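> Have a look at this one before I ask anything.
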Amino acid sequence: MRSLLRVELTRLRWRRAILLLLVAVVAVPVVFGVAVALETVPPTASDRATAARQAEQEAEQPYVEDELANCQDSPQDYGVGDASDLEAACEEMIVPRPEWYLATQELDLVQQRDDTGLAVAAFISVLLLLAGATFAGHDWSSGSMSNQLLFETRRLRVWTAKALAVVLVSGLLSLVVLSGYWVALWSLARSRDLPSSNAILVDCLQDGARGALVAALAAFGGYALTMLFRSTVATVGVLLAVAVAGGALIAVLGIDAKYQPQTNLSAVVLDDATYNVEVPDECFMQAEPPEGLDCDEEKVLPARDGSIYLGSLVVLAGAASVLSFRRRDVP
Amino acid sequence: MSDLVIETSGLRKEFRSRRGGLRVAVHDLDLAVPRGGVHGFLGPNGSGKTTTIRMLLGLARASKGRMEVFGHPIPSALPQVIDRIGAVVESPKFSPHFSGRQNLLLLARAIGVPRSRVDEAVETVGLTGRDKDRFKSYSLGMKQRLAIAATLLKDPDLLILDEPTNGLDPAGIREIRDTIRDLGERGVTVLLSSHILAEVQQVCTSATIIGNGRLLASGNVDELLRTGPSAVRVEVDDPAAARSALGGAGFAVVPPTAGETAILVESDAPSEVTRVLGEAGIWLSALTPIRRDLESVFLELTEADTLGHGPDAGPDAGPEARA
Ligand SMILES: Nc1ncnc2c1ncn2[C@@H]1O[C@H](COP(=O)(O)OP(=O)(O)OP(=O)(O)O)[C@@H](O)[C@H]1O
Ligand SMILES: [Mg+2]
């Protein structure tokens with residue numbers, strides 16, 4: 001088994017198309033990281049001075065006074081109905097502040113987790129899914145699968161060795177790449193004297209590890225489906241169709257949004273995800289929702305549920321793949 | 001231990017066709033390949049040779065029947081015997097983006113064979129110098145050579161070659177023929193499927209002929225050549241007289257072609273022919289027994305088969321190798 005695994009790792013390494021995809025896996029977080037770094041460059045002293053001047057000028061505009069008066073008259077409209085110091089709350093809402101006039105924002109790691117962190121993990125997962133599918137598809141399109149089976153006839157072993165190679169390479173690579181991404185952003189925040197406690201870093205790295213897990217599962221899924229369909233194109237086609245038609249179907253049939261793949265994906269990567277549900281009309285009929293009726297439109301999907309969802313899909317694909325590969329004739 | 005290297009009984013393969021029907025590619029085939037020597041596996045296009053070979057190698061699942069290789073049941077015991085089997089199935093199938101050498105290396109590593117073996121195999125098939133080029137840049141003959149090199153990685157006791165000379169140039173065909181004959185003489189059993197019957201006749205000691213997935217004949221090549229009527233070519237001064245004399249004695253005679261003085265007489269007893277002619281006072285200037293070749297045997301058998309009245313596949317169809 002070990003020699004078979006080594007053979008498959010070599011096969012991966014020698015395939016140029018797969019190497020290109022792996023290079024892209026490294027490039028994606030680099031691009032995102034550079035973009036984040038540039039977007040959050042701290043403003044210079046003159047930037048700040050300009051912004052302060054703009055804020056001051058704006059504050060002298062007559063509409064500010066009017067708005068402040070309105071706010072104090074009907075605080076509900078401004079969302080400050082239950083503030084203890086109404087005047088201060090209204091001023092905070094309405095009076096222009098210098099940071100409103102700065103082009104860049106501060107690097108906020110917590111914010112980045114929801115933003116680029118999720119995007120990078122999703123990008124990497126798609127790339128690795130394609131890598132897994134390409135890896136398996138090549139054996140079928142070239143017909144070399146039959147030749148391989150003349151040297152190792154135990155199909156379960158062949159299937160497993162290839163799956164292990166795909167999962168090992170994609171899991172390790174995405175773990176390294178995602179950890180690198182977070183360590184780089186965290187170091188950047190630290191060098192700019194922005195909030196960057198160790199606890200934040202740990203949270204980020206955990207996101208990275210969960211992202212790597214998802215990426216490895218995606219690669220495995222791409223591999224397993226391609227071993228089932230025996231064609232990379234078929235796998236990509238089926239996945240696209242499922243993503244588009246499945247998502248639409250779930251929406252049209254009014255099935256709970258927690259069954260949307262992307263909701264579950266973010267739940268796993270970010271530890272939980274919020275999604276919206278439709279609530280009964282009665283919720284809007286009176287000022288206070290009726291007793292015993294769940295009128296909360298926002299729900300939380302915990303990471304555990306997301307993992308069960310994605311895990312079942314992967315197990316299903318894997319089982320179908322291995323059964324088909326063991327039974328069907330190989331051309 | 002049985003002295004059959006490959007034995008199948010009642011082997012059957014059905015394919016489900018697109019329109020929902022069944023196509024029987026192999027019909028209750030009893031195949032017997034004796035140990036040692038080169039065994040021809042012959043049949044027209046679509047007669048089920050490749051399908052049979054794929055079942056023997058575990059690439060296709062038999063619908064029915066029993067198979068044994070080296071006395072081990074196939075496919076269950078295939079892992080025990082696969083290291084002793086080298087095979088080329090139809091067109092050579094390798095990874096087009098890897099070089100010939102890389103392809104061989106991957107296969108060699110899977111079975112724990114050292115790198116030096118790859119060098120040897122490359123050299124044996126005459127690919128040295130081109131082995132580092134991508135497989136997709138190879139000519140058909142070079143691909144075929146690489147496939148044969150792959151079978152040599154294992155040092156096999158049984159070689160299964162499905163049209164191994166397809167696409168080879170005359171020198172290549174001869175090299176492969178010599179290699180095959182050589183291997184056969186060294187005790188390796190070779191199952192050789194080919195359409196080039198002159199080739200087969202030159203190297204094979206025994207052969208099986210199938211048609212439409214059924215066994216038509218099987219046995220030593222000499223035995224196969226003796227099946228059916230043989231003929232003698234008779235040269236006389238007066239062909240017309242000879243024809244009427246022989247016809248009167250009950251021989252089937254083919255008249256001479258224009259400008260020829262020779263007639264063909266269907267008979268496996270040349271002495272009878274001379275006696276009849278002598279009694280009629282006709283003296284022979286030459287008498288040549290016509291040797292049947294594999295091609296004519298093959299065409300006779302398979303022509304009858306496509307017309308739908310070929311001999312039934314069964315234990316008494318043709319001389320059996322097991323006899
Ligand atoms: N995968 C398949 N699906 C359906 N039918 C098949 C399949 N493979 C082979 N067949 C059919 O089985 C029959 C035997 O085919 P096979 O390839 O074994 O013939 P062959 O004797 O090797 O012919 P050739 O001399 O042309 O190589 C043919 O009728 C073919 O169409
Ligand atoms: Mg064939």
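In the structure tokens, chains take the letters A, B, ... in the order shown, each chain's residues start at 1, and ligands count up from 1 in the order shown.
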Could I get the residue neighbourhood of ligand 2 at 7 Å, counting only C-alpha atoms and all ligand atoms, as a list in words?

Asn45, Gly46, Lys49, Thr50, Glu90 and Asp162 of chain B

> How close does chain A get to chain B? List, as a Markdown table, each residue of chain A within 6 Å, its nearest atom pair and the distance in Å to one decimal, counting only C-alpha atoms.


| residue | atom | partner | partner_atom | distance |
| --- | --- | --- | --- | --- |
| A:Leu4 | CA | B:Ala110 | CA | 5.3 |
| A:Val7 | CA | B:Leu106 | CA | 5.9 |
| A:Ser142 | CA | B:Ser95 | CA | 5.7 |
| A:Gly143 | CA | B:Lys93 | CA | 5.3 |
| A:Ser144 | CA | B:Phe94 | CA | 4.7 |
| A:Thr153 | CA | B:Pro79 | CA | 5.9 |
| A:Asp329 | CA | B:Ala60 | CA | 4.4 |
| A:Val330 | CA | B:Leu59 | CA | 5.3 |

> Pull C-alpha atoms from the residues just selected and write them as an mmCIF file, in the first residue's frame.


data_model
loop_
_atom_site.group_PDB
_atom_site.id
_atom_site.type_symbol
_atom_site.label_atom_id
_atom_site.label_comp_id
_atom_site.auth_asym_id
_atom_site.auth_seq_id
_atom_site.Cartn_x
_atom_site.Cartn_y
_atom_site.Cartn_z
ATOM 1 C CA LEU A 4 1.235 2.375 -4.223
ATOM 2 C CA VAL A 7 3.396 5.981 -6.945
ATOM 3 C CA SER A 142 -5.915 8.321 -21.328
ATOM 4 C CA GLY A 143 -7.194 4.797 -20.717
ATOM 5 C CA SER A 144 -4.157 4.188 -18.548
ATOM 6 C CA THR A 153 -5.475 -5.742 -9.655
ATOM 7 C CA ASP A 329 -15.663 -3.028 -16.317
ATOM 8 C CA VAL A 330 -12.621 -0.899 -16.997
#

> List as number ranges by chain the protein and nucleic acid residues lying within 8 Å of ligand 1, with only C-alpha atoms and all ligand atoms counted.

A: 329, 331; B: 14-17, 23-26, 42-53, 90, 162-163, 194-195, 212-213

> Rank nothing, just name the residue among A:Thr104, A:Thr40, A:Ser266, A:Gln54 nearest to Ala303 (chain A), using only C-alpha atoms.

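Counting only C-alpha atoms, the residue closest to Ala303 (chain A) is A:Ser266.
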
> I'd like the neighbourhood of Arg130 (chain B) as a tab-separated table (two decimals) with C-alpha atoms, in the first residue's frame, where a residue qualifies if any of its atoms comes within 12 Å (using only C-alpha atoms), though same-chain residues fewer than 6 positions away should be ignored.


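Okay, this is what ended up in out_36.tsv:
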chain	number	residue	atom	x	y	z
B	99	SER	CA	7.48	10.22	-21.08
B	100	GLY	CA	7.68	6.54	-21.96
B	101	ARG	CA	10.19	6.10	-19.20
B	102	GLN	CA	8.04	7.88	-16.61
B	122	VAL	CA	13.50	0.08	-22.83
B	123	GLU	CA	16.59	-1.32	-24.43
B	136	LYS	CA	1.85	11.39	-26.97
B	137	SER	CA	4.69	12.25	-29.32
B	138	TYR	CA	5.32	8.57	-30.10
B	139	SER	CA	4.39	6.90	-33.35
B	142	MET	CA	6.72	3.20	-30.64
B	143	LYS	CA	3.63	3.09	-28.44
B	145	ARG	CA	6.93	-1.13	-28.28
B	146	LEU	CA	6.42	0.69	-25.00

> List the spatial neighbours of region 187-196 of chain A as a VMD selection string - criterion: any atom at most 10 Å away, only C-alpha atoms, same-chain residues fewer than 6 positions off excluded.

chain A and resid 33 37 40 to 42 106 to 110

> Got a sec: who's within 10 Å of region 247-261 of chain A, counting only C-alpha atoms, leaving out chain neighbours fewer than 6 positions off, as a list in words?

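Returned residues: Ala241, Ala267, Ala273, Thr274, Tyr275, Asn276, Val277, Glu278, Lys299, Val300, Leu301, Asp305, Gly306, Tyr309 and Leu310 of chain A.
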
> Looking only at the backbone, which of the residues in region 257-295 of chain B does DSSP tag as alpha helix (DSSP H), as an MDAnalysis selection string?

chainID B and resid 270:279 294:295

> Fewer than 2 positions away in the same chain doesn't count, so skip those; otherwise give me all residues within 7 Å of region 211-221 of chain A, counting only C-alpha atoms, as an mmCIF file with C-alpha atoms, in the first residue's frame.


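around22.cif was written with the following content:
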data_model
loop_
_atom_site.group_PDB
_atom_site.id
_atom_site.type_symbol
_atom_site.label_atom_id
_atom_site.label_comp_id
_atom_site.auth_asym_id
_atom_site.auth_seq_id
_atom_site.Cartn_x
_atom_site.Cartn_y
_atom_site.Cartn_z
ATOM 1 C CA ALA A 121 -11.042 28.998 1.827
ATOM 2 C CA ILE A 124 -8.894 27.029 -2.483
ATOM 3 C CA SER A 125 -11.605 24.402 -2.108
ATOM 4 C CA LEU A 128 -8.505 21.576 -5.125
ATOM 5 C CA LEU A 129 -11.782 20.028 -6.184
ATOM 6 C CA ALA A 131 -7.284 19.163 -8.971
ATOM 7 C CA GLY A 132 -8.844 15.991 -7.546
ATOM 8 C CA ALA A 163 -7.726 8.992 -2.674
ATOM 9 C CA VAL A 166 -5.310 13.527 -3.174
ATOM 10 C CA VAL A 167 -6.414 14.096 0.424
ATOM 11 C CA SER A 170 -4.631 18.982 -0.696
ATOM 12 C CA GLY A 171 -5.078 18.878 3.078
ATOM 13 C CA SER A 174 -4.242 24.159 2.174
ATOM 14 C CA LEU A 175 -3.354 23.944 5.861
ATOM 15 C CA ASP A 207 -10.636 29.002 10.803
ATOM 16 C CA GLY A 208 -7.651 28.112 8.657
ATOM 17 C CA ALA A 209 -7.607 24.514 9.889
ATOM 18 C CA TYR A 223 -11.726 12.720 -7.061
ATOM 19 C CA ALA A 224 -14.517 10.386 -5.941
ATOM 20 C CA LEU A 225 -17.084 11.798 -8.339
ATOM 21 C CA VAL A 269 -15.192 27.359 8.065
ATOM 22 C CA VAL A 314 -18.720 13.331 0.884
ATOM 23 C CA ALA A 317 -19.948 10.329 -3.083
#

> Which one of B:Thr288, B:Ser267, B:Thr261, B:Ser63 sits closest to Asp28 (chain B) if you count only C-alpha atoms?

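Smallest separation from Asp28 (chain B) among the options: B:Ser63.
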
> Skipping near chain neighbours, those fewer than 6 positions away, what residues fall within 10 Å of Gly81 (chain A) using only C-alpha atoms, listed as a tab-separated table (two decimals) with N, CA and C atoms, in the first residue's frame?


chain	number	residue	atom	x	y	z
A	71	CYS	N	-33.78	63.93	15.25
A	71	CYS	CA	-33.38	62.73	16.00
A	71	CYS	C	-33.88	62.81	17.43
A	72	GLN	N	-33.74	64.04	18.02
A	72	GLN	CA	-34.15	64.15	19.42
A	72	GLN	C	-35.67	64.12	19.55
A	74	SER	N	-37.84	62.38	17.42
A	74	SER	CA	-38.34	61.01	17.24
A	74	SER	C	-37.16	60.04	17.15
A	75	PRO	N	-36.59	59.73	18.33
A	75	PRO	CA	-35.39	58.88	18.36
A	75	PRO	C	-35.60	57.49	17.73
A	89	ALA	N	-26.12	60.25	21.85
A	89	ALA	CA	-26.37	59.16	20.89
A	89	ALA	C	-26.68	59.74	19.51
A	90	CYS	N	-27.48	60.79	19.48
A	90	CYS	CA	-27.83	61.40	18.19
A	90	CYS	C	-26.60	62.03	17.54

> Which value, in Å to one decimal, gives the distance between CA of Leu104 (chain B) and CA of Ala149 (chain B)?

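Calculated distance between CA of Leu104 (chain B) and CA of Ala149 (chain B) is 8.0 Å.
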
> Do you have the CA of Arg233 (chain B)-CA of Leu264 (chain B) distance handy?

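Computing it gives 4.7 Å between the two atoms.
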
> Which of these, A:Val80, A:Leu127, A:Ala165, A:Val26, has the shortest distance to Arg6 (chain A) once you count only C-alpha atoms?

A:Ala165

> Which residue gives the smallest distance to Trp182 (chain A) among A:Ala69, A:Val30, A:Val268, A:Cys283, with only C-alpha atoms counted?

A:Val30

> Interatomic distance between CA of Ser296 (chain B) and CA of Glu223 (chain B)?

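Pair CA of Ser296 (chain B) / CA of Glu223 (chain B) returns 13.8 Å.
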